Every structure is written in structure tokens, then in C-alpha cells.
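For reference, entry.txt is printed below; it contains compact mmCIF, C-alpha atoms.
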```txt
# COMPACT_ATOMS: atom_id res chain seq x y z
CA GLY A 1 0.00 0.00 0.00
CA LYS A 2 3.03 2.32 -0.07
CA PRO A 3 4.25 4.24 -3.11
CA VAL A 4 7.37 2.76 -4.70
CA ARG A 5 9.88 4.61 -6.86
CA LEU A 6 12.62 2.81 -8.77
CA ALA A 7 15.55 5.02 -9.81
CA HIS A 8 17.64 3.13 -12.34
CA LEU A 9 20.99 4.28 -13.70
CA GLY A 10 20.56 2.59 -17.10
CA ASN A 11 18.34 3.55 -20.02
CA ARG A 12 16.27 0.38 -19.69
CA LEU A 13 15.56 -2.25 -17.03
CA VAL A 14 17.24 -5.69 -17.12
CA GLU A 15 19.73 -4.39 -19.70
CA ASN A 16 21.48 -7.73 -20.12
CA LEU A 17 18.26 -9.24 -21.47
CA SER A 18 16.30 -8.52 -24.65
CA PRO A 19 14.64 -5.13 -25.25
CA LYS A 20 11.31 -7.01 -25.19
CA ALA A 21 12.12 -8.25 -21.66
CA SER A 22 12.98 -4.69 -20.61
CA ALA A 23 9.67 -3.41 -21.97
CA LEU A 24 7.76 -6.20 -20.19
CA ALA A 25 9.46 -5.40 -16.87
CA LEU A 26 8.75 -1.68 -17.23
CA SER A 27 5.13 -2.29 -18.23
CA HIS A 28 4.42 -4.64 -15.33
CA LEU A 29 6.12 -2.49 -12.71
CA THR A 30 4.18 0.53 -13.97
CA LYS A 31 0.90 -1.45 -13.73
CA LEU A 32 1.84 -2.26 -10.12
CA GLY A 33 2.10 1.48 -9.48
CA VAL A 34 5.88 1.66 -9.34
CA LYS A 35 7.24 5.00 -10.51
CA VAL A 36 10.20 4.00 -12.68
CA GLN A 37 12.88 6.61 -13.36
CA LEU A 38 15.46 5.61 -15.96
CA ASN A 39 18.86 7.21 -16.60
CA THR A 40 19.18 8.42 -13.05
CA GLY A 41 21.21 7.38 -10.09
CA ASP A 42 19.17 9.71 -7.86
CA ALA A 43 18.13 7.49 -5.00
CA GLN A 44 17.77 10.34 -2.52
CA ALA A 45 14.77 9.95 -0.24
CA SER A 46 12.04 12.55 -0.50
CA GLY A 47 8.79 12.95 1.37
CA GLY A 48 9.45 10.25 3.97
CA GLU A 49 10.54 7.58 1.51
CA LEU A 50 12.54 4.61 2.65
CA VAL A 51 15.40 4.02 0.21
CA TYR A 52 17.04 0.71 -0.60
CA GLN A 53 20.02 1.31 -2.84
CA THR A 54 21.09 -1.63 -4.95
CA ILE A 55 24.10 -1.49 -7.21
CA SER A 56 26.12 -3.92 -9.22
CA PRO A 57 29.20 -5.08 -7.37
CA GLU A 58 32.50 -3.44 -8.15
CA ASN A 59 34.98 -5.58 -10.02
CA ALA A 60 37.77 -6.70 -7.69
CA THR A 61 40.40 -6.05 -10.36
CA SER A 62 42.08 -2.83 -9.23
CA PHE A 63 45.15 -4.75 -8.03
CA LEU A 64 45.89 -5.56 -11.68
CA ALA A 65 46.41 -1.86 -12.48
CA SER A 66 49.74 -1.95 -10.64
CA ILE A 67 50.84 -5.18 -12.38
CA SER A 68 49.73 -4.35 -15.91
CA PRO A 69 47.26 -1.48 -16.40
CA SER A 70 46.72 -2.45 -20.05
CA VAL A 71 44.80 -5.60 -19.09
CA LEU A 72 41.85 -3.55 -17.81
CA ASP A 73 39.23 -1.85 -19.96
CA ASN A 74 37.65 1.51 -19.08
CA ARG A 75 35.12 -0.23 -16.76
CA GLY A 76 37.83 -2.08 -14.82
CA ARG A 77 37.11 -5.41 -16.46
CA VAL A 78 39.90 -7.73 -17.56
CA GLN A 79 40.26 -7.82 -21.33
CA VAL A 80 40.09 -11.37 -22.66
CA ASP A 81 40.27 -12.98 -26.09
CA GLY A 82 37.88 -15.56 -27.53
CA PHE A 83 39.39 -18.23 -25.26
CA LEU A 84 38.93 -16.16 -22.04
CA ILE A 85 42.71 -15.71 -21.97
CA VAL A 86 43.87 -12.35 -20.62
CA LYS A 87 45.16 -10.28 -23.52
CA GLY A 88 48.96 -10.15 -23.40
CA TYR A 89 49.21 -12.96 -20.84
CA PRO A 90 48.82 -16.35 -22.56
CA HIS A 91 48.81 -18.32 -19.28
CA TRP A 92 46.19 -16.19 -17.47
CA TYR A 93 42.43 -16.67 -17.68
CA ALA A 94 39.66 -14.41 -16.42
CA ALA A 95 36.10 -15.64 -15.83
CA GLY A 96 32.88 -14.22 -14.47
CA ASP A 97 32.09 -10.60 -13.70
CA ALA A 98 35.78 -9.67 -13.82
CA ASN A 99 36.19 -10.16 -17.58
CA ASP A 100 34.98 -8.14 -20.55
CA SER A 101 33.32 -11.08 -22.31
CA ALA A 102 30.01 -10.28 -24.00
CA ASP A 103 28.21 -12.67 -21.62
CA GLY A 104 25.72 -11.22 -19.19
CA LYS A 105 27.18 -10.88 -15.73
CA GLN A 106 25.10 -13.54 -14.03
CA ALA A 107 25.76 -16.66 -11.96
CA VAL A 108 24.76 -18.95 -14.82
CA THR A 109 27.32 -17.40 -17.19
CA ALA A 110 30.04 -17.29 -14.54
CA THR A 111 29.43 -21.00 -14.00
CA ALA A 112 29.71 -21.70 -17.74
CA GLN A 113 32.93 -19.67 -17.94
CA GLY A 114 34.40 -21.41 -14.90
CA LYS A 115 33.72 -24.82 -16.41
CA TYR A 116 35.21 -23.71 -19.73
CA VAL A 117 38.39 -22.41 -18.07
CA ALA A 118 38.81 -25.56 -15.95
CA LYS A 119 38.48 -27.73 -19.06
CA ALA A 120 40.91 -25.50 -21.01
CA ILE A 121 43.52 -25.85 -18.26
CA LEU A 122 43.07 -29.61 -17.91
CA TYR A 123 42.93 -30.30 -21.67
CA PRO A 124 44.80 -27.48 -23.43
CA GLY A 125 45.10 -29.38 -26.71
CA ALA A 126 41.34 -29.76 -27.01
CA ARG A 127 40.59 -26.09 -26.40
CA LYS A 128 37.97 -24.48 -28.65
CA PRO A 129 36.86 -20.84 -28.60
CA TYR A 130 34.50 -19.93 -25.78
CA LYS A 131 30.88 -19.69 -26.91
CA VAL A 132 29.12 -16.66 -25.44
CA GLN A 133 26.01 -17.74 -23.57
CA ALA A 134 22.57 -16.63 -24.77
CA PRO A 135 20.91 -14.20 -22.35
CA MET A 136 18.83 -16.11 -19.80
CA ALA A 137 17.09 -15.11 -16.61
CA LEU A 138 14.13 -15.84 -14.38
CA VAL A 139 12.74 -12.47 -13.26
CA PRO A 140 10.04 -12.35 -10.56
CA LEU A 141 8.09 -9.07 -10.58
CA GLY A 142 5.82 -8.73 -7.58
CA LYS A 143 4.08 -11.60 -5.82
CA THR A 144 2.29 -13.15 -8.79
CA PHE A 145 4.04 -12.19 -12.02
CA GLY A 146 7.39 -12.56 -13.68
CA PHE A 147 9.03 -13.74 -16.84
CA ALA A 148 11.70 -16.07 -18.12
CA GLN A 149 14.16 -14.98 -20.81
CA LEU A 150 15.35 -18.19 -22.45
CA PRO A 151 17.53 -18.64 -25.56
CA PHE A 152 14.43 -19.36 -27.62
CA GLY A 153 12.15 -16.59 -26.36
CA LEU A 154 10.46 -14.65 -23.59
CA PHE A 155 7.83 -16.43 -21.49
CA THR A 156 5.53 -15.60 -18.59
CA TRP A 157 5.23 -19.18 -17.37
CA LYS A 158 4.55 -18.89 -13.65
CA PHE A 159 6.08 -22.27 -12.79
CA LEU A 160 9.46 -21.14 -14.20
CA VAL A 161 9.46 -17.88 -12.27
CA ASP A 162 8.38 -19.68 -9.08
CA ILE A 163 11.60 -21.73 -9.29
CA LYS A 164 13.58 -18.56 -8.65
CA ARG A 165 11.04 -17.03 -6.29
CA LYS A 166 11.41 -20.09 -4.01
CA ASP A 167 15.01 -19.47 -2.89
CA VAL A 168 16.64 -17.29 -5.57
CA MET A 169 18.10 -20.57 -6.92
CA VAL A 170 20.55 -20.85 -4.01
CA SER A 171 19.74 -24.57 -3.60
CA MET A 172 20.62 -25.26 -7.25
CA PHE A 173 24.03 -23.59 -6.91
CA ARG A 174 24.68 -25.35 -3.59
CA ASN A 175 23.93 -28.69 -5.27
CA ASN A 176 26.21 -27.80 -8.21
CA LEU A 177 29.01 -27.23 -5.70
CA GLY A 178 28.32 -30.54 -3.95
CA LEU A 179 27.07 -28.88 -0.76
CA LYS A 180 24.35 -30.44 1.36
CA GLY A 181 21.25 -28.73 2.75
```
Could you render the structure as C-alpha cells?
Amino acid sequence: GKPVRLAHLGNRLVENLSPKASALALSHLTKLGVKVQLNTGDAQASGGELVYQTISPENATSFLASISPSVLDNRGRVQVDGFLIVKGYPHWYAAGDANDSADGKQAVTATAQGKYVAKAILYPGARKPYKVQAPMALVPLGKTFGFAQLPFGLFTWKFLVDIKRKDVMVSMFRNNLGLKG
């Protein structure tokens, strides 16, 4: 029953997904009464608002600037080639949010990159170029709606979104790591 305002720094929501997914997110949030402000980082409270500021994590790559500043791009990400090898350092790999790969910066893509790098290290002779992952996400919006961006389309199948709504997929990642409970 409270007014909600979403101040977003980017020019569209869920930027790592399709423009259609961004439009769907904006449309649904607007229908819920959320005031969405794009292209602004202004999260200052006004009129008794309670503000929750969420930001993408900073890349933990600044230490590389003192070793070799040329490995970082202008966003602080490690520049990699098509094999996730750090440019200029043929024995270094960078995976996940730290690299400048075209993959979306999500757990699912970091997992794919980690598996690729492990295989490349274990079997260097069999190495093939890294294949950028298609954008995928399960996006809950409110208590009853959400969407799934899959490689073959955008869907509003509730059962898919409820998978993420259950525990933000923590149990899946724990199982992937061989952890119990």
C-alpha cells in the first residue's frame, strides 16, 4: 500500500536481457504502481521515503592496475580474447564478472565460464573458442508475475518464475558445488 519509486541508472531495465524483456518489466512495474525513473542514479529519499540502494558489485580487479594497467578496460574489467585468456598474458584466464566477455554478468554465465576455463587448463590441446552464452534469466516481478528470458524466447510461465522465487536458486548452486542442505 506504499508508493514505490525505482531510480535506475541505465536507459532500460534488465539491460542484459532482450529489449522485449525490458519493456515487459517496465510495463508490469508501472501497472503495479511503481514509478520507474530511468537514466538516473538519484536514489535520494524525499517525502518520507525509505530508500534501498542496490548497485552492481564493483569488479575486484584494481590490483591488476599496478601489475599491468593495459589488461583492464575503461570499466575495470579484464580484457580477454575468444578463449577467455587475458590479452597479453597467454597463461592467465579471467572468468565471471571480472572479464569483458560479451556474456551477461550472471551466476549462470560465470558457472559456464568457470567450467570452460577448468576444461581449457586440464585439456589445453582440445581447447575451442569460448561460446558466449545466450541471455537467460528468471525475473520475478511482484508476488504473482514474472518472466523467463530463455535462448528461444520470452515467457511468462509462472512455474518457471516460481523456481527462482522459491530461494533465488541458491539450492541449485549449492547442489552444483556438492554442498548439502
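Among the candidates A:Pro151, A:Ser66, A:Val36, A:Leu29, the one nearest to A:Gly10 when counting all atoms listed in the file is A:Val36.
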remark   = note - atom CA of A:Lys143 and atom CA of A:Asp162 are separated by 9.7 Å
ask   = Which of these residues is nearest to A:Leu32, using only C-alpha atoms: A:Ala126, A:Ala94, A:Leu64, A:Leu141?
value =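 Going through A:Ala126, A:Ala94, A:Leu64, A:Leu141 one by one, the smallest distance to A:Leu32 is for A:Leu141.
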message = Between A:Val117, A:Val161, A:Ala23, A:Ala60, which residue has the minimum interatomic distance to A:Val86, considering only C-alpha atoms?
response =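 Smallest distance to A:Val86 is found for A:Val117.
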key: Straight-line distance linking atom CA of A:Ser46 with atom CA of A:Arg5, stated in Å to one decimal   =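 Here the two named atoms are 10.4 Å from each other.
For the atom pair formed by atom CA of A:Ala148 and atom CA of A:Ser101, the distance is 22.6 Å, given to one decimal.
Nearest residue to A:Pro135 among A:Gly88, A:Gly48, A:Pro19, A:Gly82 is A:Pro19, counting only C-alpha atoms.
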message = Report as a VMD selection string all protein, DNA and RNA residues lying within 12 Å of A:Pro69, evaluated on all atoms listed in the file, omitting residues in the same chain fewer than 6 positions from it.
response = chain A and resid 61 to 63 76 to 79 87 to 88
key: For A:Val80, the nearest of the candidates A:Lys119, A:Asn99, A:Ala65, A:Gly142, counting all atoms listed in the file   =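 Distance minimum relative to A:Val80 lands on A:Asn99.
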Residue among A:Ala21, A:Leu179, A:Val71, A:Val170 lying closest to A:Thr156, counting all atoms listed in the file =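 For A:Thr156, the nearest of the candidates is A:Ala21.
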message = Can you pull out the residues contacting A:Ala134? Cut-off 12 Å, using only C-alpha atoms, and skip same-chain residues under 3 positions away; I want them as a list in words.
response =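 Close residues of A:Ala134: Asn16, Leu17, Ser18, Ala102, Asp103, Gly104, Lys105, Gln106, Val108, Thr109, Ala112, Lys131, Ala137, Gln149, Leu150, Pro151, Phe152 and Gly153 of chain A.
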request  = Within 10 Å of A:Thr111, counting all atoms listed in the file, which residues show up once you throw out same-chain ones fewer than 5 positions away? Write them as a list in words, please.
outcome  =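 Counting only the stated atoms, we get Ala95, Gly96, Gln106, Tyr116, Val117, Phe173 and Asn176 of chain A.
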task = Can you pull out every residue within 10 Å of A:Lys2, counting all atoms listed in the file, but drop anything in the same chain fewer than 3 positions away, and send it as a VMD selection string?
result = chain A and resid 5 33 to 34 49
